[in-house]
Amino acid sequence: MTFSIKPGILCLLFLNVLLLSCSDEPVRVSLRFDTVVENGTVIDGTGAAAYSADVFITDGKLVRIGQLEMLSEQADVAIGRRIDASGRLVAPGFIDVHSHGDPLQTPQFENFLAQGVTTITLGQDGASPDTEDLSDWMEQVSDQGIGVNLAMFVGHGTLRELSGIGRNPEPGPDAMQRMLELLDRNLKVAFGLSTGLEYTPGLYADSSELLALAETVGRNNRVIMSHMRNEDDDQIEASMAELIAQGEYAPVHIAHMKSVYGKGAARAEELLDLMAQARGRGFQVTADVYPYNASYTGIGILFPAWAKTREQFDQALDLRREELAEHLRNRVNLRNGPQATLLGTEPYTGKTLADLEAELNQSFEQILIDVIGPEGASGAYFVMDDALQSRLLSDPFVGVSSDGSPTGFHPRGHGTFAKIIEEYVVNRESLELTEAIRKMTSFAADVLGIADRGRLVPGMAADLVIFDPARVTATATYPQPHQLAAGFDLVMVNGEVAFADGAAAAELFGRVLRP
């Protein structure tokens with residue numbers, strides 16, 4: 001049977017939401033969007049130049065980026081919610097590649113939302129939830145709700161404990177196989193393996209163990225994120241080499257990269273060159289930094305490997321007390337002295353070791369041994385050089401992390417992403433804004449393997465932040481670290497307004513992500 005098109009019968013052509021008849025007369029269609037962010041300047045997260053556009057969102061996704069006025073000339077447009085971004089930037093929500101917290105205790109994560117962070121990572125430094133099936137814990141978080149998106153890591157130290165290896169430096173083949181099986185199973189729902197080789201029990205792992213783990217990570221197309229074995233300037237190159245060796249099997253990432261008591265931009269160049277050489281050999285090697293010159297971790301970082309746990313410490317008191325005191329004295333003085341350790345745990349919160357010396361009339365090494373102990377406090381350690389750290393930050397293969405949490409006594413947990421913009425983009429002008437945004441969005445997404453976030457392009461999840469860079473301020477300080485960042489006017493998570501007018505929404509719009 002043959003069909004022919006008779007006069008008066010229209011043939012329709014759909015082209016970019018415009019319906020045309022055969023006579024080229026437009027036939028208007030109706031379009032509906034849940035949200036349109038209007039009149040903003042878009043920075044898409046790729047490093048490309050900013051441009052003026054409206055952002056269209058439906059069902060939690062970015063469906064169009066263009067001009068509402070032009071679209072309205074072609075179609076009848078219905079909009080559920082209009083957000084005016086006049087005079088401000090619209091960027092992808094920031095992704096924190098190394099963060100901390102307990103979503104079952106503090107699910108909102110307002111400290112991150114206030115900085116424009118829409119995705120965080122947990123399970124860092126070798127410590128993830130103490131469960132053989134990480135997916136069960138992730139389901140608990142999903143059921144309760146979470147304010148930001150969450151990308152989980154499997155902790156190497158946790159795997160050692162679960163497999164019965166613990167602090168054993170020479171695990172047998174059965175225990176090793178058990179650990180590798182646990183890793184393989186949990187990498188199905190996690191974005192990578194985290195190692196904390198300066199902490200118990202990770203510090204007991206040798207290179208053969210780490211390489212075996214790396215092979216499993218590589219087979220699963222995941223990343224290894226490492227708090228390296230030693231960040232002291234005279235040890236950092238060996239620590240980097242140990243991690244880079246694992247890059248033969250999987251992408252490797254240096255967490256919160258720093259050189260403790262290293263000095264100067266030239267030293268940073270040497271470290272960055274080690275990474276560049278590895279990339280030249282075909283390895284995927286990246287890093288992150290935070291924009292503060294003090295680290296923050298447990299006081300056990302000052303104690304030797306043979307006195308970190310309670311059991312080891314008690315033995316050291318009996319057999320090696322003078323040696324322990326000498327170690328602590330030398331290590332603290334090498335790390336800029338007792339005035340450079342600011343404690344963040346009650347009842348010492350806000351006091352330095354030097355303050356406690358004056359208050360208790362004891363030497364700081366006596367205080368560490370007889371009052372605090374290796375598990376008795378956490379603190380900020382002013383051990384980093386600004387010129388060195390700033391040069392690390394400027395490298396295109398180095399991104400941004402907070403290494404912070406809602407509760408840690410360090411301003412990085414509330415101020416990191418604001419400070420990147422305030423200090424390095426606006427005040428120092430040492431980072432281009434588009435590059436700073438790239439480091440905090442698409443670079444982070446690529447490192448983690450998150451495919452649907454980190455860029456403002458159609459098809460991506462609608463995580464975004466609206467702000468004026470000139471108004472962004474990191475208000476958190478070392479004495480008062482829990483002050484929310486200012487200047488991020490509105491933050492959307494999965495297409496919903498999660499933070500606006502200086503406060504987080506009551507609802508929780510985040511999701512537990514899976515690779």
# chains A, B, ... in the order shown; residues from 1 in each chain; ligands from 1

call {"tool": "residues_around", "arguments": {"residues": "range 211-219 of chain A", "least_positions_apart": "6", "cutoff": "10 Å", "atoms": "only C-alpha atoms", "output": "PyMOL selection string"}}
result
chain A and resi 156+176-177+179-181+183-184+187+191-193+242-243+245-252

call {"tool": "residues_around", "arguments": {"residues": "Ala325 in chain A", "least_positions_apart": "3", "cutoff": "6 Å", "atoms": "only C-alpha atoms", "output": "list in words"}}
result
Glu322, Leu328 and Glu365 of chain A

call {"tool": "residues_around", "arguments": {"residues": "Glu423 in chain A", "least_positions_apart": "4", "cutoff": "10 Å", "atoms": "only C-alpha atoms", "output": "number ranges by chain"}}
result
A: 291, 418-419, 427-431, 472-474

call {"tool": "write_last_selection", "arguments": {"atoms": "N, CA, C and O atoms", "output": "short mmCIF file (atom, residue, chain, number, x, y, z; two decimals), in the first residue's frame"}}
result
data_model
loop_
_atom_site.label_atom_id
_atom_site.label_comp_id
_atom_site.auth_asym_id
_atom_site.auth_seq_id
_atom_site.Cartn_x
_atom_site.Cartn_y
_atom_site.Cartn_z
N PRO A 291 44.02 24.58 52.92
CA PRO A 291 44.69 25.88 52.94
C PRO A 291 45.00 26.40 54.35
O PRO A 291 44.82 27.59 54.65
N ALA A 418 35.82 27.96 51.57
CA ALA A 418 35.69 29.42 51.57
C ALA A 418 37.07 30.07 51.54
O ALA A 418 37.29 31.07 50.83
N LYS A 419 38.02 29.53 52.27
CA LYS A 419 39.35 30.14 52.33
C LYS A 419 40.08 30.03 51.00
O LYS A 419 40.86 30.92 50.64
N ASN A 427 42.24 37.50 47.57
CA ASN A 427 43.27 38.30 48.24
C ASN A 427 44.64 38.18 47.56
O ASN A 427 45.26 39.19 47.22
N ARG A 428 45.11 36.97 47.38
CA ARG A 428 46.45 36.78 46.80
C ARG A 428 46.46 36.82 45.28
O ARG A 428 47.50 37.09 44.68
N GLU A 429 45.32 36.49 44.66
CA GLU A 429 45.23 36.38 43.21
C GLU A 429 46.25 35.39 42.66
O GLU A 429 46.81 35.56 41.59
N SER A 430 46.50 34.33 43.43
CA SER A 430 47.46 33.31 43.01
C SER A 430 46.79 32.14 42.31
O SER A 430 47.48 31.30 41.72
N LEU A 431 45.47 32.07 42.37
CA LEU A 431 44.70 31.06 41.64
C LEU A 431 43.61 31.76 40.84
O LEU A 431 42.90 32.63 41.36
N VAL A 472 32.73 36.00 49.89
CA VAL A 472 33.00 34.73 50.57
C VAL A 472 34.04 34.94 51.66
O VAL A 472 35.09 35.54 51.45
N THR A 473 33.73 34.42 52.85
CA THR A 473 34.62 34.58 54.00
C THR A 473 34.67 33.30 54.81
O THR A 473 33.64 32.70 55.12
N ALA A 474 35.89 32.88 55.14
CA ALA A 474 36.07 31.77 56.08
C ALA A 474 36.14 32.37 57.48
O ALA A 474 37.17 32.91 57.89
#

call {"tool": "residues_around", "arguments": {"residues": "Gly157 in chain A", "least_positions_apart": "4", "cutoff": "6 Å", "atoms": "only C-alpha atoms", "output": "number ranges by chain"}}
result
A: 126-127, 201-202

call {"tool": "atom_distance", "arguments": {"atom1": "CA of Gly502 in chain A", "atom2": "CA of His482 in chain A"}}
result
14.1 Å

call {"tool": "select_by_dssp", "arguments": {"residues": "range 222-455 of chain A", "states": "alpha helix (DSSP H)", "output": "PyMOL selection string"}}
result
chain A and resi 236-246+265-280+310-319+321-334+353-360+364-367+386-394+412-419+433-440+442-448

call {"tool": "residues_around", "arguments": {"residues": "Gly123 in chain A", "least_positions_apart": "3", "cutoff": "8 Å", "atoms": "only C-alpha atoms", "output": "PyMOL selection string"}}
result
chain A and resi 100+126-129+152-155+194

call {"tool": "closest_residue", "arguments": {"among": "A:Gln67, A:Val117, A:Leu388, A:Gly145", "to": "Ile437 in chain A", "atoms": "only C-alpha atoms"}}
result
A:Val117

call {"tool": "closest_atom_pairs", "arguments": {"of": "range 71-113 of chain A", "to": "range 47-64 of chain A", "cutoff": "9 Å", "atoms": "only C-alpha atoms", "output": "Markdown table"}}
result
| residue | atom | partner | partner_atom | distance |
| --- | --- | --- | --- | --- |
| A:Ala85 | CA | A:Asp54 | CA | 8.9 |
| A:Leu89 | CA | A:Ala50 | CA | 8.6 |
| A:Val90 | CA | A:Val55 | CA | 8.6 |

call {"tool": "closest_residue", "arguments": {"among": "A:Thr118, A:Gln312, A:Asn293, A:Asn111", "to": "Ala445 in chain A", "atoms": "only C-alpha atoms"}}
result
A:Thr118

call {"tool": "closest_residue", "arguments": {"among": "A:Leu353, A:Ala190, A:Leu31, A:Ala470", "to": "Gly87 in chain A", "atoms": "only C-alpha atoms"}}
result
A:Ala470

call {"tool": "closest_residue", "arguments": {"among": "A:Pro396, A:Gly344, A:Gly101, A:Gly280", "to": "Thr121 in chain A", "atoms": "only C-alpha atoms"}}
result
A:Gly101

call {"tool": "atom_distance", "arguments": {"atom1": "CA of Asp133 in chain A", "atom2": "CA of Val447 in chain A"}}
result
24.1 Å

call {"tool": "residues_around", "arguments": {"residues": "range 260-270 of chain A", "least_positions_apart": "5", "cutoff": "7 Å", "atoms": "only C-alpha atoms", "output": "list in words"}}
result
Glu231, Asp232, Asp233, Arg335, Val383, Met384, Asp385, Ala387, Leu388, Arg391 and Leu392 of chain A

call {"tool": "atom_distance", "arguments": {"atom1": "CA of Phe443 in chain A", "atom2": "CA of Asn149 in chain A"}}
result
16.8 Å

call {"tool": "closest_atom_pairs", "arguments": {"of": "range 62-143 of chain A", "to": "range 488-497 of chain A", "cutoff": "8 Å", "atoms": "only C-alpha atoms", "output": "CSV"}}
result
residue,atom,partner,partner_atom,distance
A:Gly93,CA,A:Val491,CA,7.3
A:Leu113,CA,A:Val491,CA,6.8
A:Ala114,CA,A:Phe488,CA,6.6
A:Gln115,CA,A:Phe488,CA,6.6
A:Gly116,CA,A:Val491,CA,6.0
A:Thr118,CA,A:Val493,CA,6.1

call {"tool": "residues_around", "arguments": {"residues": "His98 in chain A", "least_positions_apart": "4", "cutoff": "9 Å", "atoms": "only C-alpha atoms", "output": "ChimeraX atom specification"}}
result
/A:120-125,225,255-256,288,400-404

call {"tool": "write_last_selection", "arguments": {"atoms": "C-alpha atoms", "output": "mmCIF file, in the first residue's frame"}}
result
data_model
loop_
_atom_site.group_PDB
_atom_site.id
_atom_site.type_symbol
_atom_site.label_atom_id
_atom_site.label_comp_id
_atom_site.auth_asym_id
_atom_site.auth_seq_id
_atom_site.Cartn_x
_atom_site.Cartn_y
_atom_site.Cartn_z
ATOM 1 C CA ILE A 120 31.953 14.433 51.066
ATOM 2 C CA THR A 121 34.064 11.292 51.468
ATOM 3 C CA LEU A 122 34.268 9.140 54.592
ATOM 4 C CA GLY A 123 36.192 6.030 55.585
ATOM 5 C CA GLN A 124 39.492 7.895 55.352
ATOM 6 C CA ASP A 125 42.976 7.351 56.841
ATOM 7 C CA MET A 225 43.878 7.351 48.885
ATOM 8 C CA ALA A 255 45.795 12.714 51.045
ATOM 9 C CA HIS A 256 46.342 16.168 52.629
ATOM 10 C CA ASP A 288 45.083 17.257 47.670
ATOM 11 C CA VAL A 400 41.414 20.567 47.665
ATOM 12 C CA SER A 401 40.232 18.710 50.737
ATOM 13 C CA SER A 402 39.235 19.840 54.206
ATOM 14 C CA ASP A 403 40.370 16.763 56.170
ATOM 15 C CA GLY A 404 37.778 18.246 58.505
#

call {"tool": "decode", "arguments": {"residues": "range 189-200 of chain A", "atoms": "N, CA, C and O atoms", "output": "JSON list (two decimals), in the first residue's frame"}}
result
[["chain", "number", "residue", "atom", "x", "y", "z"],
["A", 189, "VAL", "N", 30.87, -1.34, 46.45],
["A", 189, "VAL", "CA", 30.01, -0.23, 46.86],
["A", 189, "VAL", "C", 30.81, 1.00, 47.29],
["A", 189, "VAL", "O", 30.24, 2.05, 47.57],
["A", 190, "ALA", "N", 32.12, 0.90, 47.34],
["A", 190, "ALA", "CA", 32.98, 2.00, 47.78],
["A", 190, "ALA", "C", 33.79, 2.52, 46.61],
["A", 190, "ALA", "O", 33.99, 1.84, 45.60],
["A", 191, "PHE", "N", 34.30, 3.75, 46.79],
["A", 191, "PHE", "CA", 35.01, 4.41, 45.70],
["A", 191, "PHE", "C", 36.52, 4.13, 45.74],
["A", 191, "PHE", "O", 37.23, 4.55, 44.84],
["A", 192, "GLY", "N", 36.99, 3.46, 46.77],
["A", 192, "GLY", "CA", 38.40, 3.14, 46.81],
["A", 192, "GLY", "C", 38.82, 2.63, 48.17],
["A", 192, "GLY", "O", 38.00, 2.43, 49.08],
["A", 193, "LEU", "N", 40.12, 2.41, 48.29],
["A", 193, "LEU", "CA", 40.76, 1.97, 49.53],
["A", 193, "LEU", "C", 41.47, 3.16, 50.15],
["A", 193, "LEU", "O", 42.18, 3.90, 49.46],
["A", 194, "SER", "N", 41.31, 3.36, 51.45],
["A", 194, "SER", "CA", 42.10, 4.37, 52.16],
["A", 194, "SER", "C", 43.11, 3.67, 53.05],
["A", 194, "SER", "O", 42.81, 2.64, 53.65],
["A", 195, "THR", "N", 44.31, 4.24, 53.11],
["A", 195, "THR", "CA", 45.33, 3.73, 54.02],
["A", 195, "THR", "C", 45.77, 4.84, 54.96],
["A", 195, "THR", "O", 45.87, 6.00, 54.57],
["A", 196, "GLY", "N", 46.03, 4.45, 56.19],
["A", 196, "GLY", "CA", 46.56, 5.37, 57.20],
["A", 196, "GLY", "C", 47.82, 4.76, 57.77],
["A", 196, "GLY", "O", 47.79, 4.13, 58.83],
["A", 197, "LEU", "N", 48.93, 4.92, 57.04],
["A", 197, "LEU", "CA", 50.14, 4.18, 57.37],
["A", 197, "LEU", "C", 50.94, 4.81, 58.50],
["A", 197, "LEU", "O", 51.97, 4.26, 58.90],
["A", 198, "GLU", "N", 50.49, 5.93, 59.04],
["A", 198, "GLU", "CA", 51.12, 6.52, 60.21],
["A", 198, "GLU", "C", 50.38, 6.14, 61.48],
["A", 198, "GLU", "O", 50.75, 6.53, 62.58],
["A", 199, "TYR", "N", 49.30, 5.37, 61.32],
["A", 199, "TYR", "CA", 48.44, 5.01, 62.44],
["A", 199, "TYR", "C", 48.43, 3.50, 62.65],
["A", 199, "TYR", "O", 48.65, 2.72, 61.73],
["A", 200, "THR", "N", 48.11, 3.11, 63.87],
["A", 200, "THR", "CA", 47.87, 1.70, 64.18],
["A", 200, "THR", "C", 46.50, 1.29, 63.64],
["A", 200, "THR", "O", 45.53, 2.03, 63.82]]
